[in-house]
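K.L.:
What follows is target07.txt, made up of compact mmCIF, C-alpha atoms:
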# COMPACT_ATOMS: atom_id res chain seq x y z
CA MET E 17 130.71 64.30 -96.62
CA GLN E 18 130.66 60.58 -97.24
CA GLY E 19 132.83 58.09 -99.13
CA GLY E 20 132.36 54.63 -100.52
CA VAL E 21 129.93 53.52 -103.21
CA GLY E 22 128.06 56.53 -104.60
CA MET E 23 130.52 58.91 -102.96
CA ASN E 24 129.21 62.33 -101.99
CA PHE E 25 132.02 64.76 -101.35
CA ASP E 26 129.77 67.73 -100.65
CA PHE E 27 129.51 69.29 -97.20
CA SER E 28 126.45 68.99 -94.98
CA GLN E 29 123.94 71.81 -94.55
CA ASP E 30 125.26 72.52 -91.05
CA GLN E 31 128.80 72.77 -92.38
CA LYS E 32 127.70 75.09 -95.18
CA LEU E 33 125.90 77.23 -92.60
CA LEU E 34 129.12 77.41 -90.59
CA GLN E 35 130.98 78.59 -93.70
CA LYS E 36 128.40 81.29 -94.43
CA SER E 37 128.61 82.45 -90.82
CA ALA E 38 132.40 82.59 -91.13
CA GLN E 39 132.12 84.64 -94.33
CA ALA E 40 129.87 87.19 -92.65
CA PHE E 41 132.10 87.36 -89.59
CA LEU E 42 135.29 87.90 -91.57
CA LYS E 43 133.63 90.45 -93.83
CA ASP E 44 132.98 92.57 -90.73
CA HIS E 45 136.28 92.00 -88.95
CA ALA E 46 138.89 91.10 -91.58
CA GLY E 47 138.12 93.17 -94.66
CA PRO E 48 140.73 94.80 -96.92
CA ALA E 49 140.91 97.89 -94.70
CA LYS E 50 141.86 95.73 -91.69
CA VAL E 51 144.52 93.93 -93.71
CA ARG E 52 145.98 97.21 -94.91
CA GLN E 53 146.03 98.54 -91.36
CA VAL E 54 148.50 95.81 -90.42
CA ILE E 55 150.72 96.89 -93.31
CA ASP E 56 150.44 100.61 -92.62
CA THR E 57 151.31 100.21 -88.93
CA HIS E 58 154.14 97.72 -89.61
CA ALA E 59 152.45 95.30 -87.21
CA ASP E 60 153.37 91.62 -87.08
CA TRP E 61 149.72 90.55 -86.97
CA ASP E 62 146.16 91.59 -86.18
CA SER E 63 145.86 90.80 -82.48
CA SER E 64 142.27 92.05 -82.28
CA LEU E 65 141.18 89.62 -85.00
CA TRP E 66 142.95 86.81 -83.18
CA SER E 67 140.96 87.62 -80.03
CA ARG E 68 137.72 87.62 -82.01
CA LEU E 69 138.58 84.22 -83.47
CA VAL E 70 139.04 82.98 -79.91
CA GLU E 71 135.52 84.19 -79.09
CA GLN E 72 134.26 82.16 -82.05
CA GLY E 73 136.17 79.10 -80.86
CA TRP E 74 138.06 78.69 -84.13
CA GLN E 75 141.47 77.91 -82.59
CA GLY E 76 139.96 74.91 -80.83
CA THR E 77 137.96 73.55 -83.76
CA THR E 78 139.49 70.06 -83.67
CA ILE E 79 140.53 70.05 -80.00
CA PRO E 80 138.34 67.81 -77.80
CA GLU E 81 136.03 69.55 -75.37
CA LYS E 82 137.86 68.02 -72.40
CA PHE E 83 140.86 70.17 -73.37
CA GLY E 84 138.81 73.33 -73.90
CA GLY E 85 138.19 72.91 -77.61
CA SER E 86 135.07 72.93 -79.72
CA GLY E 87 135.25 69.22 -80.50
CA PHE E 88 134.39 69.56 -84.20
CA GLY E 89 136.18 67.79 -87.04
CA TYR E 90 138.45 68.53 -89.97
CA LEU E 91 135.58 69.18 -92.36
CA GLU E 92 134.65 72.21 -90.29
CA LEU E 93 138.29 73.29 -90.06
CA VAL E 94 138.92 73.19 -93.81
CA LEU E 95 135.93 75.47 -94.43
CA LEU E 96 137.26 77.97 -91.90
CA ALA E 97 140.67 77.73 -93.57
CA GLU E 98 139.12 78.54 -96.94
CA GLU E 99 137.47 81.68 -95.60
CA LEU E 100 140.62 82.82 -93.80
CA GLY E 101 142.52 82.41 -97.06
CA ALA E 102 139.89 84.34 -99.00
CA CYS E 103 140.24 87.43 -96.80
CA LEU E 104 144.04 87.17 -96.35
CA ALA E 105 143.59 87.12 -92.57
CA PRO E 106 146.77 88.51 -90.96
CA VAL E 107 146.83 86.04 -88.06
CA PRO E 108 149.02 83.02 -87.20
CA PHE E 109 146.12 80.58 -87.54
CA SER E 110 147.86 78.16 -89.90
CA SER E 111 151.09 78.04 -87.90
CA SER E 112 149.36 77.51 -84.59
CA VAL E 113 146.44 75.29 -85.59
CA TYR E 114 147.61 73.26 -88.59
CA PHE E 115 151.05 72.45 -87.20
CA VAL E 116 151.51 72.88 -83.46
CA THR E 117 148.00 71.97 -82.31
CA GLU E 118 147.82 69.11 -84.80
CA ALA E 119 151.20 67.71 -83.74
CA ILE E 120 150.31 67.74 -80.05
CA LEU E 121 146.87 66.24 -80.75
CA ARG E 122 148.37 63.34 -82.68
CA TYR E 123 151.72 62.74 -81.03
CA GLY E 124 151.64 64.35 -77.61
CA SER E 125 151.37 62.34 -74.42
CA GLU E 126 148.32 62.75 -72.19
CA ALA E 127 150.36 65.04 -69.94
CA GLN E 128 151.53 67.16 -72.90
CA GLN E 129 147.98 67.44 -74.23
CA ARG E 130 146.70 68.60 -70.83
CA LYS E 131 149.55 71.09 -70.62
CA TYR E 132 149.37 72.68 -74.07
CA LEU E 133 145.99 72.11 -75.74
CA PRO E 134 143.82 74.24 -73.41
CA LYS E 135 146.11 77.24 -73.93
CA LEU E 136 146.20 76.69 -77.70
CA ALA E 137 142.40 76.42 -77.79
CA SER E 138 142.01 79.66 -75.82
CA GLY E 139 144.52 81.50 -78.00
CA GLU E 140 146.74 82.18 -75.00
CA SER E 141 149.44 80.09 -76.61
CA ILE E 142 150.33 80.79 -80.24
CA GLY E 143 152.35 78.20 -82.07
CA THR E 144 154.79 78.30 -84.96
CA PHE E 145 156.50 75.60 -87.01
CA ALA E 146 160.28 75.91 -87.19
CA TRP E 147 161.61 73.55 -89.86
CA ALA E 148 163.67 75.41 -92.48
CA GLU E 149 167.27 76.46 -91.93
CA GLY E 150 167.74 78.96 -94.73
CA ALA E 151 167.14 78.84 -98.47
CA GLY E 152 165.33 75.79 -99.73
CA VAL E 153 163.24 73.26 -97.87
CA PRO E 154 164.98 70.50 -95.89
CA GLY E 155 164.12 66.93 -96.71
CA LEU E 156 162.73 64.37 -94.33
CA THR E 157 165.84 62.22 -94.18
CA GLU E 158 168.72 64.62 -94.05
CA ARG E 159 170.34 65.66 -90.80
CA LEU E 160 169.70 69.22 -89.69
CA ASN E 161 172.13 71.65 -88.12
CA THR E 162 169.67 72.23 -85.30
CA ARG E 163 170.38 69.62 -82.61
CA PHE E 164 168.38 68.18 -79.73
CA ASP E 165 170.19 66.32 -76.94
CA GLY E 166 167.12 65.05 -75.16
CA LYS E 167 166.74 68.13 -72.98
CA SER E 168 167.72 71.23 -74.94
CA VAL E 169 167.85 72.54 -78.51
CA SER E 170 170.58 74.51 -80.28
CA GLY E 171 170.51 75.89 -83.80
CA THR E 172 169.06 78.57 -86.07
CA LYS E 173 165.74 78.37 -87.89
CA LEU E 174 164.74 80.67 -90.73
CA PRO E 175 162.42 81.70 -92.15
CA VAL E 176 159.86 80.95 -89.45
CA LEU E 177 156.36 82.07 -90.37
CA ASP E 178 154.72 83.97 -87.49
CA GLY E 179 157.85 83.50 -85.41
CA LYS E 180 157.60 87.05 -84.05
CA VAL E 181 154.12 86.58 -82.59
CA ALA E 182 154.33 82.98 -81.37
CA ASN E 183 155.25 81.92 -77.85
CA LEU E 184 155.49 78.21 -78.60
CA ALA E 185 157.45 76.53 -81.38
CA LEU E 186 157.41 73.06 -82.87
CA VAL E 187 161.06 72.64 -83.84
CA VAL E 188 162.35 69.96 -86.19
CA ALA E 189 165.81 68.95 -85.00
CA SER E 190 168.36 66.18 -85.37
CA GLU E 191 168.71 63.82 -82.43
CA GLY E 192 171.55 61.47 -83.09
CA ASP E 193 170.99 60.04 -86.57
CA ALA E 194 167.24 60.66 -86.50
CA LEU E 195 164.83 63.58 -86.54
CA SER E 196 162.72 64.71 -83.60
CA LEU E 197 159.80 67.07 -83.15
CA VAL E 198 160.53 69.26 -80.15
CA ILE E 199 158.29 71.74 -78.31
CA VAL E 200 160.16 74.90 -77.31
CA ASP E 201 158.88 77.74 -75.14
CA LEU E 202 159.96 80.85 -77.04
CA LYS E 203 159.89 82.91 -73.84
CA ALA E 204 162.48 80.69 -72.19
CA GLU E 205 166.19 81.40 -71.83
CA GLY E 206 168.37 80.62 -74.82
CA VAL E 207 165.90 81.93 -77.39
CA GLU E 208 166.56 84.96 -79.61
CA ILE E 209 164.03 86.10 -82.21
CA SER E 210 164.49 88.73 -84.91
CA ARG E 211 162.19 89.82 -87.71
CA LEU E 212 162.89 89.04 -91.37
CA GLU E 213 161.73 91.19 -94.25
CA SER E 214 159.11 89.44 -96.34
CA MET E 215 157.23 90.06 -99.58
CA ASP E 216 153.90 89.51 -97.85
CA LEU E 217 153.70 92.25 -95.24
CA THR E 218 150.56 90.76 -93.71
CA ARG E 219 152.36 87.64 -92.39
CA SER E 220 155.59 88.23 -90.51
CA GLN E 221 158.66 86.01 -90.83
CA ALA E 222 161.43 85.58 -88.28
CA THR E 223 164.80 84.09 -87.48
CA ILE E 224 164.87 82.02 -84.30
CA LYS E 225 168.25 81.31 -82.71
CA LEU E 226 168.28 78.60 -80.07
CA SER E 227 171.19 78.28 -77.64
CA SER E 228 170.61 75.29 -75.35
CA ALA E 229 166.95 76.29 -75.09
CA PRO E 230 164.84 73.86 -73.03
CA GLY E 231 162.97 71.42 -75.28
CA GLU E 232 160.37 68.71 -74.89
CA ARG E 233 160.22 65.90 -77.45
CA LEU E 234 156.92 64.78 -78.95
CA GLY E 235 156.69 61.02 -79.23
CA PRO E 236 159.48 58.48 -78.79
CA SER E 237 163.04 59.03 -79.94
CA GLY E 238 163.67 58.09 -83.56
CA GLU E 239 160.06 58.62 -84.68
CA GLY E 240 160.41 62.22 -85.83
CA ARG E 241 160.69 61.47 -89.55
CA ARG E 242 157.49 59.41 -89.59
CA MET E 243 155.61 62.01 -87.56
CA LEU E 244 156.86 64.89 -89.69
CA ASP E 245 155.87 63.12 -92.88
CA SER E 246 152.32 62.60 -91.60
CA LEU E 247 152.09 66.12 -90.16
CA LEU E 248 153.05 67.66 -93.50
CA ASP E 249 150.34 65.69 -95.29
CA ARG E 250 147.69 66.83 -92.83
CA ALA E 251 148.78 70.47 -92.86
CA ALA E 252 149.00 70.43 -96.67
CA VAL E 253 145.25 69.86 -96.96
CA LEU E 254 144.49 72.80 -94.67
CA LEU E 255 146.97 75.07 -96.46
CA ALA E 256 145.44 74.01 -99.78
CA PHE E 257 142.05 75.21 -98.60
CA GLU E 258 143.57 78.59 -97.70
CA GLN E 259 145.02 78.77 -101.20
CA LEU E 260 141.67 77.73 -102.66
CA GLY E 261 139.99 80.57 -100.79
CA GLY E 262 142.52 83.07 -102.10
CA ALA E 263 142.25 81.80 -105.67
CA SER E 264 138.45 81.89 -105.60
CA ARG E 265 138.43 85.45 -104.25
CA ALA E 266 140.94 86.60 -106.89
CA HIS E 267 138.72 85.11 -109.60
CA LYS E 268 135.64 86.85 -108.21
CA MET E 269 137.52 90.17 -108.09
CA SER E 270 138.39 89.78 -111.77
CA LEU E 271 134.85 88.85 -112.75
CA GLU E 272 133.34 91.79 -110.88
CA TYR E 273 135.84 94.23 -112.37
CA ALA E 274 135.28 92.86 -115.89
CA LYS E 275 131.58 93.59 -115.50
CA GLU E 276 131.89 97.11 -114.13
CA ARG E 277 134.86 98.45 -116.12
CA TYR E 278 134.06 99.96 -119.53
CA ALA E 279 136.41 100.59 -122.44
CA PHE E 280 135.47 101.75 -125.95
CA GLY E 281 131.86 101.89 -124.80
CA ARG E 282 131.73 98.23 -123.73
CA GLN E 283 132.26 96.17 -120.60
CA ILE E 284 135.79 94.80 -120.78
CA GLY E 285 134.31 91.43 -119.92
CA SER E 286 132.74 91.37 -123.35
CA PHE E 287 136.15 91.26 -125.02
CA GLN E 288 137.29 87.76 -125.93
CA ALA E 289 140.77 88.13 -124.42
CA VAL E 290 139.31 89.06 -121.02
CA LYS E 291 136.65 86.37 -121.24
CA HIS E 292 139.31 83.73 -121.77
CA LYS E 293 141.32 84.92 -118.77
CA VAL E 294 138.33 84.84 -116.44
CA VAL E 295 137.19 81.41 -117.68
CA ASP E 296 140.69 79.95 -117.38
CA MET E 297 140.80 81.22 -113.81
CA LEU E 298 137.49 79.53 -113.06
CA VAL E 299 138.74 76.24 -114.50
CA SER E 300 141.82 76.33 -112.27
CA VAL E 301 139.70 77.11 -109.20
CA ASP E 302 137.27 74.28 -109.93
CA LEU E 303 140.12 71.83 -110.48
CA ALA E 304 141.67 72.86 -107.16
CA ARG E 305 138.30 72.64 -105.42
CA SER E 306 137.68 69.06 -106.58
CA ASN E 307 141.14 68.01 -105.35
CA CYS E 308 140.63 69.83 -102.06
CA PHE E 309 137.23 68.25 -101.46
CA TYR E 310 138.66 64.77 -101.89
CA ALA E 311 141.59 65.67 -99.64
CA ALA E 312 139.19 66.90 -96.96
CA TRP E 313 137.40 63.55 -97.06
CA ALA E 314 140.77 61.76 -96.87
CA LEU E 315 141.84 63.89 -93.91
CA GLN E 316 138.60 63.32 -92.03
CA ASN E 317 138.66 59.57 -92.68
CA ASP E 318 142.45 59.10 -92.65
CA SER E 319 142.20 57.26 -95.97
CA ASP E 320 144.48 57.73 -99.01
CA LEU E 321 145.73 60.91 -97.34
CA PRO E 322 149.32 61.08 -98.67
CA VAL E 323 148.19 61.05 -102.32
CA ALA E 324 145.17 63.29 -101.76
CA ALA E 325 147.19 65.81 -99.74
CA ALA E 326 149.89 66.16 -102.39
CA ALA E 327 147.35 66.47 -105.21
CA SER E 328 145.36 69.16 -103.39
CA ARG E 329 148.47 71.13 -102.49
CA ILE E 330 149.71 71.09 -106.10
CA ALA E 331 146.36 72.07 -107.61
CA ALA E 332 145.67 74.78 -105.04
CA THR E 333 149.16 76.26 -105.36
CA GLU E 334 148.87 76.46 -109.13
CA ALA E 335 145.35 77.91 -108.95
CA PHE E 336 146.23 80.64 -106.46
CA GLU E 337 149.39 81.68 -108.30
CA PHE E 338 147.57 81.71 -111.65
CA CYS E 339 144.46 83.55 -110.45
CA SER E 340 146.36 86.16 -108.46
CA LYS E 341 148.57 86.90 -111.48
CA GLU E 342 145.68 87.05 -113.95
CA ASN E 343 143.69 89.20 -111.53
CA ILE E 344 146.35 91.89 -111.89
CA GLN E 345 146.19 91.59 -115.67
CA VAL E 346 142.39 91.90 -115.80
CA HIS E 347 142.60 95.05 -113.68
CA GLY E 348 144.93 96.54 -116.28
CA GLY E 349 146.70 99.80 -115.47
CA ILE E 350 145.54 99.92 -111.86
CA GLY E 351 146.16 96.23 -111.19
CA PHE E 352 149.75 96.58 -110.06
CA THR E 353 149.29 99.78 -108.06
CA TRP E 354 149.52 99.91 -104.28
CA GLU E 355 145.95 101.19 -103.99
CA ALA E 356 144.47 98.12 -105.68
CA ASP E 357 144.06 94.96 -103.60
CA ALA E 358 145.20 92.65 -106.38
CA HIS E 359 148.86 92.74 -105.32
CA LEU E 360 147.95 91.59 -101.82
CA TYR E 361 146.65 88.31 -103.23
CA PHE E 362 149.65 87.91 -105.51
CA LYS E 363 152.03 88.30 -102.57
CA ARG E 364 150.09 85.89 -100.37
CA SER E 365 150.06 83.35 -103.20
CA LYS E 366 153.84 83.50 -103.40
CA LEU E 367 154.22 83.16 -99.63
CA LEU E 368 152.01 80.09 -99.42
CA ALA E 369 153.52 78.56 -102.55
CA LEU E 370 156.94 78.51 -100.90
CA SER E 371 155.88 77.77 -97.33
CA PHE E 372 156.42 74.17 -96.18
CA GLY E 373 157.38 72.94 -99.61
CA SER E 374 157.01 74.29 -103.14
CA ALA E 375 154.74 72.78 -105.78
CA ASP E 376 157.78 70.96 -107.18
CA LEU E 377 158.45 69.33 -103.81
CA TRP E 378 154.82 68.23 -103.58
CA ARG E 379 154.95 66.86 -107.13
CA ASP E 380 157.89 64.73 -106.06
CA ARG E 381 155.95 63.62 -102.99
CA LEU E 382 152.93 62.78 -105.13
CA MET E 383 154.99 60.56 -107.42
CA GLU E 384 156.63 58.91 -104.43
CA LYS E 385 153.31 58.25 -102.68
CA LEU E 386 151.70 56.92 -105.86
CA ASP E 387 154.64 54.59 -106.37
CA GLN E 388 154.32 53.35 -102.79
CA LYS E 389 150.56 52.92 -103.14
CA TYR E 390 150.58 50.89 -106.33
CA SER E 391 153.75 48.90 -105.76
CA ALA E 392 152.68 47.69 -102.32
Any chance you could give the structure as structure tokens?
P.N.:
Amino acid sequence: MQGGVGMNFDFSQDQKLLQKSAQAFLKDHAGPAKVRQVIDTHADWDSSLWSRLVEQGWQGTTIPEKFGGSGFGYLELVLLAEELGACLAPVPFSSSVYFVTEAILRYGSEAQQRKYLPKLASGESIGTFAWAEGAGVPGLTERLNTRFDGKSVSGTKLPVLDGKVANLALVVASEGDALSLVIVDLKAEGVEISRLESMDLTRSQATIKLSSAPGERLGPSGEGRRMLDSLLDRAAVLLAFEQLGGASRAHKMSLEYAKERYAFGRQIGSFQAVKHKVVDMLVSVDLARSNCFYAAWALQNDSDLPVAAAASRIAATEAFEFCSKENIQVHGGIGFTWEADAHLYFKRSKLLALSFGSADLWRDRLMEKLDQKYSA
């Protein structure tokens, strides 16, 4: 994927081969039956799939080899994210890789990287991102109730995606009049974790209560807002690719069903109303894909990232919500039943749409970043 004059935003043959390999792997180990098994057993995650991802080296995709990672780049990671989103993988990959690993890679000291990255790459450590403190999404400038005094953290975070399965948290806390990103060992004293009920039963949510829990700041004091702003942009691109994968799979489900389902002696796909639904879904997926491809280039090259990240997150959120809803409609009377898989995609679309900022928040960020870009 190259930029500049005559830009080519397509992926290389090796990267496409990696994506096809990932598709085949997840088809065998993360199909609908595996996803439903997590729901039926009331499990917090699929630990066996997580172990298989470790064997593939996915958790260490962007971690340098000297820290036990694979040493690849973000273009490889976004393709893996897309496939994980397409199969609704019930693992804490986004929480651990997009947020905790990324934060330590970019802002951790050499000692912190040596301490945490090898365990994150091996899957021994599982990270989660603890930012919210109840309903709504906190801003980047406001003071949080969770406090960091330089050594320990106190406060309550909820909802925390994958909080029940993680053993390491990246906590956003107030330190004086500024924000800080703090690493907290969730197995340490002063940490209490309880499960929250969630619409998407394939990704667990939790409440994390911290009572003078030992904490370790990333970066210098007073730099938390800047680091959080950048981290959100980078994670937004990866989350957008997960949403793109889910939207694309929902569209394909609708198309396949429209071809095989007959009514009044005809394929339902031959009816104009169904045709329009399926085509509108394709348009939304293609729009999201174009935004995501540009955002992947921006992430890899660290160029125009704030604008590209917001645009991809908005387009992918809208595409996944639209396609998952229309997928239920195309499936008709069975679409909303528990036995059909359509509702699984609808629920995941709602979870991702509200995680780490809604589409409205990202629209505001897009306008802000565009204003900054063109008024500079």
K.L.:
Would you compute the distance between CA of Leu248 in chain E and CA of Phe336 in chain E? Give it in Å to one decimal.
P.N.:
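CA of Leu248 in chain E sits 19.6 Å away from CA of Phe336 in chain E.
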K.L.:
Using all atoms listed in the file, determine which residues lie at most 7 Å from Ile142 in chain E, disregarding the query and same-chain residues fewer than 2 positions distant; provide the list as a PyMOL selection string.
P.N.:
chain E and resi 112+136+139-140+144+182-184
K.L.:
Any idea what the distance is between CA of Leu197 in chain E and CA of Gly240 in chain E?
P.N.:
5.6 Å
K.L.:
In file coordinates, which residues lie within 12 Å of (138.5, 65.4, -96.6) using all atoms listed in the file, given as a PyMOL selection string?
P.N.:
chain E and resi 17-19+24-27+89-95+249-250+252-254+256-257+305-322+324-325+328
K.L.:
Check the smallest atom-to-atom distance from each of E:Gln39, E:Gln72, E:Thr117, E:Gln29 to Ala251 in chain E using only C-alpha atoms, then report the winner.
P.N.:
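Answer, going by the shortest atom-to-atom distance: E:Thr117.
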K.L.:
Taking all atoms listed in the file into account, which of E:Cys339, E:Met383, E:Ala105, E:Leu33 comes nearest Gln53 in chain E?
P.N.:
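The answer is E:Ala105, which sits nearest to Gln53 in chain E.
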K.L.:
Excluding same-chain residues fewer than 4 positions from range 288-299 of chain E, what lies within 7 Å of it counting only C-alpha atoms, as a ChimeraX atom specification?
P.N.:
/E:267,270-271,284,303,339,342,346
K.L.:
Looking at only C-alpha atoms, which of E:Ser371, E:Glu272, E:Arg381, E:Leu217 is the one that sits closest to Asp56 in chain E?
P.N.:
E:Leu217
K.L.:
Pick the closest to Lys50 in chain E from E:Ser111, E:Ser138, E:Ser340, E:Thr218: which is it, counting only C-alpha atoms?
P.N.:
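Checking each of E:Ser111, E:Ser138, E:Ser340, E:Thr218 against Lys50 in chain E, counting only C-alpha atoms, the winner is E:Thr218.
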K.L.:
Have a look at CA of Leu247 in chain E and CA of Trp378 in chain E and let me know their distance in Å, one decimal.
P.N.:
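CA of Trp378 in chain E lies 13.9 Å from CA of Leu247 in chain E.
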K.L.:
Which of these, E:Lys385, E:Lys82, E:Arg68, E:Arg233, has the shortest distance to Val188 in chain E once you count all atoms listed in the file?
P.N.:
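Ranking E:Lys385, E:Lys82, E:Arg68, E:Arg233 by distance to Val188 in chain E, first place goes to E:Arg233.
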K.L.:
With distances taken over only C-alpha atoms, which residue among E:Thr77, E:Thr223, E:Gln35, E:Ser110 lies nearest Phe372 in chain E?
P.N.:
E:Ser110
K.L.:
Give as a ChimeraX atom specification every residue, naming chains and numbers as the document does, that has an atom within 6 Å of (139.9, 91.3, -87.0), counting all atoms listed in the file.
P.N.:
/E:45-46,64-65
K.L.:
Applying 10 Å and only C-alpha atoms, which residues near Gly179 in chain E remain after dropping the ones on its own chain fewer than 5 positions away? List them as a VMD selection string.
P.N.:
chain E and resid 60 108 111 142 to 146 173 to 174 184 to 185 202 209 to 212 219 to 224
